[in-house]
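Read the structure below first, then the notes.
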Amino acid sequence: MEAKNKAIAAATAVAALSMVLAGCAGGGGTAADNGTGKTTITYWASNQGTSLDNDKQVLTPILQEFTKQTGITVDLEVIGWNDLQTRIQTAVTSGQGPDVVNIGNTWGAAFQSTGAFAQFDGKNASAIGGLDRFVKTALDAGGAPGKTPTSVPLYGLAYGLYYNKAMFAAAQLQPPTTWDELVTDAKKLTHGDQWGLTLAAGSYTENIHFAFLTSAQNGGEFYDASGKPTFDTPENVAGIKRYLDLMQLHKAANPADAQYDNASSSAADLASGKAAMFLSQNNADSTLKADGMKPGDWGVVPLPAPGDAKAQISTFPAGINISVFDYTKHLPQALEFVKYMTSPDVQAKLAVPYSVLPVLGSADAKFTTDADEAKVFMDAYQNRSKPLPQVASEGDFESTIGKGISGLFAQIATGKTVTDADISAMLDNAQQQVEAAG
Amino acid sequence: MSATAPARISPGHVTDPPDAAPRRRLRSRWWLPYVLLVPAVVFELLVHLIPMVTGIWISLVKLTQQYLRNWSEAPFLGLGNYRVSLDVHGAVGRALLQSFLITCAFTVLVVGIAWIAGMAAAVALQRKFPGRGLFRTLFLVPYAIPIYAGIIAWKFMLQKDTGALNHLLFDNLGLPGEKPFWLIGGNAFWSLVIVAIWRLWPFAFLMLMAGMQSVPEDLYEASAVDGAKPFRQWRSITVPMLRPVNVVLVLVMFLWTFNDFNTPFVLFGKTAQPPAGDLISFHIYNASFLTFNFGYGSAMSVLLLLFLLVVTVAYLLFVNRRSQRA
């Protein structure tokens, strides 16, 4: 009996201890020696291709080549955009996660403020081949001004207005060069089941981007020079109203677009001929091809501005940056990997499958064979861009206003009228939330 | 222990009781039960108490993205997060209050209708008839389907242009007018209610059906002899006999529904929930993970916990007092 009790007590203790230890040892996907003497680093890639699997197919040969050159193995995980930010935050909080990670460049300043990422200062900067290799606009967009960058550009993206060439030809229209022409063309192209424009009106990220761009064309700012939010200004209200009116006043976009929570639904409408125009970043090329369009079926012009615009802004320098977590136990290998991914050779290889703009000063646009399209995006990126606010609360700015605009689109779609006062109230509400978050 | 164990005296001679030695051994091992309890206590601390205390602590600090890496550096705010969350004149407090009221209405409707549907089905299937097993199985299907798969099917059905519901109502049955949106605007609330009822009512059905198995058939027969009609039998026999089941069932359904996260999350998507479908768990999730403000998220969670605690205690006091009176 006593022996049995002892055995039970011992078994309980062992089980308890092992569970506690298992709990302590859980997670931790950081770099590890895989027992062969070679180093393995973990890389979280963002979803750039047509699917997560497509990304794996694109990246695997690139990573194998890196292993061949350096002996460093890369453990790849591709993460969808809906989860990426939360996953990175978890890694920041726990100090466990990948060694190298892709981030949206608009998150740059916020992640910089966490102090969880390796700084690309003198030694680290030279380990990745120097910072002066990058296009200045792209490098500046990924962090707060005057602070040491904690991420460097990997892929460049810019907004443009995609249009279906066949539909424009059938209507005997030229692509618009001003906002008024955009509205006129869109209205002419709207009849029956066909719409002039398709908007990802339920996507908070797309909505905030167009709020920012239309406001920038009006000369508006969402933050003052000291970094304080100034959301509810006449320029910002007018910019957002102009964007909403594409659906509300001009009725040139399908109210059902209010349910589109990502841009791929809009791309599908352009490809299927349900809509004639689509505002998007240049990586839509790969989505349109996947949806059955051939290069040449679509054309791209800069996002038009009103005739009396204060600034000819057509994009912000969007894109993907690459960062190294400072908890990594394999900093030299991680930096080596960043250098490799941003090398001209790899950049050229990835430009086509991901339809991205070059982030290296020396490189040409290779993502498309259409010289006009390449010129439009490169010109927008380098000459007609204004960075999104580079403040720590940028994420709050995007989510509060972006979701507010999704709500206004939902009101329009369900038959209500959105006025300037409604937009002003939404902006005021968003500002209070951002200020409360401090 | 020793005072209550008098030595047994056998006639003729005095001996040690036959189980005295094991008892002594047991006395010397007084600590064993406590040792055996240790793992349970440790895990209770790990799983419940420590996370709760951590949550309360987070609600007292300004834990934003900036401080996530080193929580201890987050500035102490005291009750600042609570003040902002409860200030109904401010944007954060107003949104929380609206979400709370929507959740209350949602809970009352879902629990009420799911209970009525569950009760009706359980009563209908109480008596044996051919095909009863088939109906029982059929009614439990929504409960058996994985949550995600079930709700995503609803999401497809509720689309405006391509959804089965609008197709049925407008294309097949020829209802006049524009096809409405079901997942944005005010209708989103009703979509949420319908999907949640669809998910929940089989549980009420299952519990009530199980409870009805223990109601003796004699009672119904005796009451029938006295002339009781089915409704009277249900009111005077079924409902009172099911009281213990109902007390627990309603409480559990209330807590599940009030805390429902999956339904809005899957139905509307992570980032596109309409204001009319802004249930409180989802609201707190957004405050925590979309704007990365864990201080507010935790303060709101603590407030939600307090509210649910008060409701639960009041409910249990109420039903216990009634049962004592009865």
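How things are named: the first chain in the structure tokens is A, the next is B, and so on; residues count from 1 in each chain; ligands count from 1 in the order shown.
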Residues within 12 Å of Tyr148 of chain B, only C-alpha atoms, excluding chain neighbours under 5 positions, as a list in words: Pro142, Tyr143, Ala153, Trp154, Lys155, Val195, Arg199, Phe261, Asn262, Thr263, Pro264, Phe265, Val266, Leu267 and Gly269 of chain B
Neighbours of chain A in chain B at 9 Å, counting only C-alpha atoms, as an MDAnalysis selection string: chainID B and resid 32 35:36 38:39 42:43 62 64:71 81 84 90:92 159:161 180:181 183:186 269:275 289:293 295:296
Backbone-only DSSP, strand (DSSP E) members of segment 109-262 of chain A, as a list in words: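 Written out, the strand (DSSP E) residues of segment 109-262 of chain A are Ser151, Val152, Pro153, Leu154, Tyr155, Gly156, Leu157, Tyr159, Gly160, Leu161, Tyr162, Tyr163, Asn164, Trp195, Gly196, Leu197 and Thr198 of chain A.
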Taking all heavy atoms for each residue, export the selection above as a short mmCIF file (atom, residue, chain, number, x, y, z; two decimals), in the first residue's frame.
```
data_model
loop_
_atom_site.label_atom_id
_atom_site.label_comp_id
_atom_site.auth_asym_id
_atom_site.auth_seq_id
_atom_site.Cartn_x
_atom_site.Cartn_y
_atom_site.Cartn_z
N SER A 151 14.54 48.96 -39.89
CA SER A 151 14.12 48.10 -41.00
C SER A 151 14.63 48.73 -42.28
O SER A 151 14.85 49.94 -42.33
CB SER A 151 12.59 48.00 -41.04
OG SER A 151 12.03 49.25 -41.36
N VAL A 152 14.86 47.90 -43.28
CA VAL A 152 15.29 48.44 -44.58
C VAL A 152 14.32 47.96 -45.65
O VAL A 152 13.68 46.92 -45.50
CB VAL A 152 16.73 48.02 -44.94
CG1 VAL A 152 17.74 48.71 -44.05
CG2 VAL A 152 16.90 46.52 -44.92
N PRO A 153 14.19 48.74 -46.75
CA PRO A 153 13.20 48.39 -47.77
C PRO A 153 13.53 47.05 -48.45
O PRO A 153 14.70 46.73 -48.68
CB PRO A 153 13.31 49.53 -48.78
CG PRO A 153 14.01 50.62 -48.07
CD PRO A 153 14.89 49.99 -47.06
N LEU A 154 12.47 46.30 -48.72
CA LEU A 154 12.62 45.02 -49.41
C LEU A 154 11.89 45.05 -50.75
O LEU A 154 12.45 44.70 -51.78
CB LEU A 154 12.07 43.90 -48.52
CG LEU A 154 12.17 42.48 -49.06
CD1 LEU A 154 13.62 42.06 -49.25
CD2 LEU A 154 11.48 41.51 -48.10
N TYR A 155 10.63 45.45 -50.71
CA TYR A 155 9.85 45.59 -51.94
C TYR A 155 9.18 46.96 -51.94
O TYR A 155 8.67 47.39 -50.91
CB TYR A 155 8.74 44.54 -52.03
CG TYR A 155 9.14 43.12 -51.73
CD1 TYR A 155 8.48 42.39 -50.75
CD2 TYR A 155 10.18 42.51 -52.43
CE1 TYR A 155 8.84 41.07 -50.47
CE2 TYR A 155 10.56 41.21 -52.15
CZ TYR A 155 9.88 40.49 -51.17
OH TYR A 155 10.24 39.20 -50.89
N GLY A 156 9.14 47.60 -53.10
CA GLY A 156 8.48 48.91 -53.20
C GLY A 156 7.12 48.77 -53.87
O GLY A 156 6.92 47.95 -54.76
N LEU A 157 6.17 49.56 -53.37
CA LEU A 157 4.82 49.54 -53.95
C LEU A 157 4.31 50.97 -54.06
O LEU A 157 4.70 51.84 -53.27
CB LEU A 157 3.87 48.74 -53.04
CG LEU A 157 4.14 47.23 -52.93
CD1 LEU A 157 3.37 46.64 -51.76
CD2 LEU A 157 3.77 46.52 -54.22
N TYR A 159 0.62 53.38 -55.44
CA TYR A 159 -0.75 53.33 -55.94
C TYR A 159 -0.83 53.89 -57.35
O TYR A 159 -0.06 54.77 -57.74
CB TYR A 159 -1.68 54.15 -55.03
CG TYR A 159 -2.23 53.36 -53.88
CD1 TYR A 159 -1.70 53.47 -52.60
CD2 TYR A 159 -3.28 52.46 -54.09
CE1 TYR A 159 -2.20 52.72 -51.55
CE2 TYR A 159 -3.78 51.71 -53.05
CZ TYR A 159 -3.24 51.84 -51.79
OH TYR A 159 -3.75 51.09 -50.77
N GLY A 160 -1.80 53.38 -58.10
CA GLY A 160 -2.10 53.89 -59.43
C GLY A 160 -3.54 53.56 -59.75
O GLY A 160 -4.20 52.82 -59.00
N LEU A 161 -4.04 54.11 -60.84
CA LEU A 161 -5.41 53.83 -61.26
C LEU A 161 -5.36 52.82 -62.41
O LEU A 161 -4.93 53.14 -63.51
CB LEU A 161 -6.11 55.11 -61.70
CG LEU A 161 -7.51 54.94 -62.27
CD1 LEU A 161 -8.50 54.52 -61.19
CD2 LEU A 161 -7.99 56.24 -62.91
N TYR A 162 -5.78 51.58 -62.13
CA TYR A 162 -5.85 50.55 -63.16
C TYR A 162 -7.15 50.74 -63.96
O TYR A 162 -8.19 51.06 -63.38
CB TYR A 162 -5.89 49.16 -62.51
CG TYR A 162 -4.55 48.65 -62.04
CD1 TYR A 162 -3.98 49.14 -60.88
CD2 TYR A 162 -3.87 47.66 -62.74
CE1 TYR A 162 -2.76 48.67 -60.43
CE2 TYR A 162 -2.64 47.18 -62.29
CZ TYR A 162 -2.09 47.70 -61.14
OH TYR A 162 -0.88 47.23 -60.71
N TYR A 163 -7.07 50.55 -65.26
CA TYR A 163 -8.30 50.58 -66.05
C TYR A 163 -8.31 49.46 -67.08
O TYR A 163 -7.25 49.01 -67.53
CB TYR A 163 -8.51 51.95 -66.71
CG TYR A 163 -7.47 52.32 -67.74
CD1 TYR A 163 -7.69 52.09 -69.09
CD2 TYR A 163 -6.26 52.90 -67.36
CE1 TYR A 163 -6.73 52.42 -70.04
CE2 TYR A 163 -5.30 53.23 -68.31
CZ TYR A 163 -5.54 52.98 -69.64
OH TYR A 163 -4.58 53.29 -70.57
N ASN A 164 -9.51 49.01 -67.39
CA ASN A 164 -9.69 47.94 -68.35
C ASN A 164 -9.70 48.56 -69.75
O ASN A 164 -10.62 49.30 -70.11
CB ASN A 164 -11.02 47.24 -68.03
CG ASN A 164 -11.26 46.02 -68.87
OD1 ASN A 164 -11.02 46.05 -70.08
ND2 ASN A 164 -11.74 44.95 -68.25
N TRP A 195 -20.02 48.75 -63.60
CA TRP A 195 -19.74 49.93 -62.78
C TRP A 195 -18.47 50.61 -63.25
O TRP A 195 -17.56 49.95 -63.74
CB TRP A 195 -19.60 49.54 -61.30
CG TRP A 195 -20.88 48.98 -60.78
CD1 TRP A 195 -21.26 47.66 -60.80
CD2 TRP A 195 -21.97 49.69 -60.20
NE1 TRP A 195 -22.51 47.52 -60.27
CE2 TRP A 195 -22.97 48.76 -59.89
CE3 TRP A 195 -22.21 51.04 -59.92
CZ2 TRP A 195 -24.18 49.12 -59.31
CZ3 TRP A 195 -23.41 51.41 -59.33
CH2 TRP A 195 -24.39 50.45 -59.03
N GLY A 196 -18.42 51.92 -63.10
CA GLY A 196 -17.25 52.68 -63.53
C GLY A 196 -16.02 52.33 -62.71
O GLY A 196 -14.92 52.23 -63.22
N LEU A 197 -16.26 52.15 -61.42
CA LEU A 197 -15.14 51.93 -60.48
C LEU A 197 -15.47 50.78 -59.54
O LEU A 197 -16.64 50.54 -59.25
CB LEU A 197 -14.99 53.15 -59.60
CG LEU A 197 -14.05 54.26 -59.97
CD1 LEU A 197 -14.46 55.50 -59.21
CD2 LEU A 197 -12.62 53.90 -59.62
N THR A 198 -14.44 50.12 -59.06
CA THR A 198 -14.64 49.19 -57.95
C THR A 198 -13.74 49.64 -56.80
O THR A 198 -12.59 50.00 -57.01
CB THR A 198 -14.37 47.73 -58.36
OG1 THR A 198 -14.34 46.94 -57.18
CG2 THR A 198 -13.08 47.56 -59.12
#
```
Contacts of Ala105 of chain B within 12 Å, only C-alpha atoms, excl. fewer than 6 positions in-chain, as a list in words: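 Listing them by chain and then by number gives Gln98, Ser99, Val111, Gly112, Phe189, Trp190, Leu192, Val193, Phe254, Thr257, Phe258, Ala276, Gly277, Asp278, Leu279 and Ile280 of chain B.
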Which of B:Ala204, B:Ile151, B:Leu49, B:Cys104 sits closest to Leu308 of chain B [using only C-alpha atoms]: B:Cys104
Residue nearest Asp140 of chain A among A:Ile405, A:Asp257, A:Pro317, A:Ala45 (counting only C-alpha atoms): A:Pro317
Residue among B:Trp198, B:Leu169, B:Val61, B:Phe203 lying closest to Arg136 of chain B, counting only C-alpha atoms: B:Phe203
Selected residue, from A:Asp370, A:Asp55, A:Asp180, A:Asp99, that lies nearest to Tyr327 of chain A when counting only C-alpha atoms: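 When distances to Tyr327 of chain A are compared using only C-alpha atoms, the smallest one comes from A:Asp99.
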Non-local contacts of Ala309 of chain A (10 Å; only C-alpha atoms; under 4 positions in same chain excluded) as a PyMOL selection string: chain A and resi 178-179+214-219+304-305+313
Length of the atom CA of Leu96 of chain B to atom CA of His283 of chain B vector [Å]: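 Taking atom CA of Leu96 of chain B and atom CA of His283 of chain B, their separation equals 7.5 Å.
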Counting only C-alpha atoms, the residue of A:Ala211, A:Leu357, A:Ala334, A:Ala253 that sits nearest Asp75 of chain A: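 Looking only at the distances to Asp75 of chain A, the closest residue turns out to be A:Ala334.
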Minimum-distance residue to Leu189 of chain A, chosen among A:Leu76, A:Ala318, A:Ala141, A:Ala275 (using only C-alpha atoms):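 Among A:Leu76, A:Ala318, A:Ala141, A:Ala275, it is A:Ala275 that comes nearest to Leu189 of chain A.
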Spatial neighbours of Ala225 of chain A, max dist 12 Å, only C-alpha atoms, sep filter under 6 positions, as a ChimeraX atom specification: /A:145,389-391
Output the selection as a PDB file, in the first residue's frame - N, CA, C and O atoms for each residue.
```
ATOM      1  N   PRO A 145      11.613  60.076 -38.610  1.00  0.00           N
ATOM      2  CA  PRO A 145      12.715  60.904 -39.098  1.00  0.00           C
ATOM      3  C   PRO A 145      13.759  61.132 -38.000  1.00  0.00           C
ATOM      4  O   PRO A 145      13.400  61.314 -36.841  1.00  0.00           O
ATOM      5  N   PRO A 389       1.884  59.340 -41.993  1.00  0.00           N
ATOM      6  CA  PRO A 389       2.464  59.898 -40.769  1.00  0.00           C
ATOM      7  C   PRO A 389       3.445  58.916 -40.110  1.00  0.00           C
ATOM      8  O   PRO A 389       3.089  57.755 -39.908  1.00  0.00           O
ATOM      9  N   GLN A 390       4.648  59.392 -39.829  1.00  0.00           N
ATOM     10  CA  GLN A 390       5.644  58.510 -39.217  1.00  0.00           C
ATOM     11  C   GLN A 390       5.671  58.740 -37.718  1.00  0.00           C
ATOM     12  O   GLN A 390       6.580  59.356 -37.164  1.00  0.00           O
ATOM     13  N   VAL A 391       4.606  58.284 -37.086  1.00  0.00           N
ATOM     14  CA  VAL A 391       4.441  58.457 -35.641  1.00  0.00           C
ATOM     15  C   VAL A 391       4.165  57.095 -35.033  1.00  0.00           C
ATOM     16  O   VAL A 391       3.748  56.166 -35.727  1.00  0.00           O
TER      17      VAL A 391
END
```
Residues near Tyr381 of chain A, cut-off 8 Å, only C-alpha atoms, skip fewer than 3 positions along chain, as a list in words: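 Here the answer would be Thr137, Leu157, Ala158, Thr315, Phe316, Pro317, Phe377, Met378, Arg384 and Ser385 of chain A.
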Long-range neighbours of segment 239-241 of chain B as a list of chain:residue names, 8 Å cut-off, only C-alpha atoms, 4 positions minimum in chain: B:Val215, B:Trp234, B:Arg235
Could you turn the residues from that selection into a file that holds N, CA and C atoms, as a JSON list (two decimals), in the first residue's frame?
```
[["chain", "number", "residue", "atom", "x", "y", "z"],
["B", 215, "VAL", "N", -38.29, 12.73, -15.91],
["B", 215, "VAL", "CA", -39.66, 13.01, -15.44],
["B", 215, "VAL", "C", -40.46, 11.71, -15.56],
["B", 234, "TRP", "N", -47.54, 20.44, -19.39],
["B", 234, "TRP", "CA", -46.22, 21.06, -19.59],
["B", 234, "TRP", "C", -45.97, 22.10, -18.50],
["B", 235, "ARG", "N", -47.02, 22.91, -18.21],
["B", 235, "ARG", "CA", -46.86, 24.00, -17.23],
["B", 235, "ARG", "C", -46.71, 23.46, -15.81]]
```
DSSP-assigned helix (DSSP H, G or I) members of segment 97-193 of chain A, reported as a ChimeraX atom specification: /A:105-114,122-127,136-140,165-170,179-188
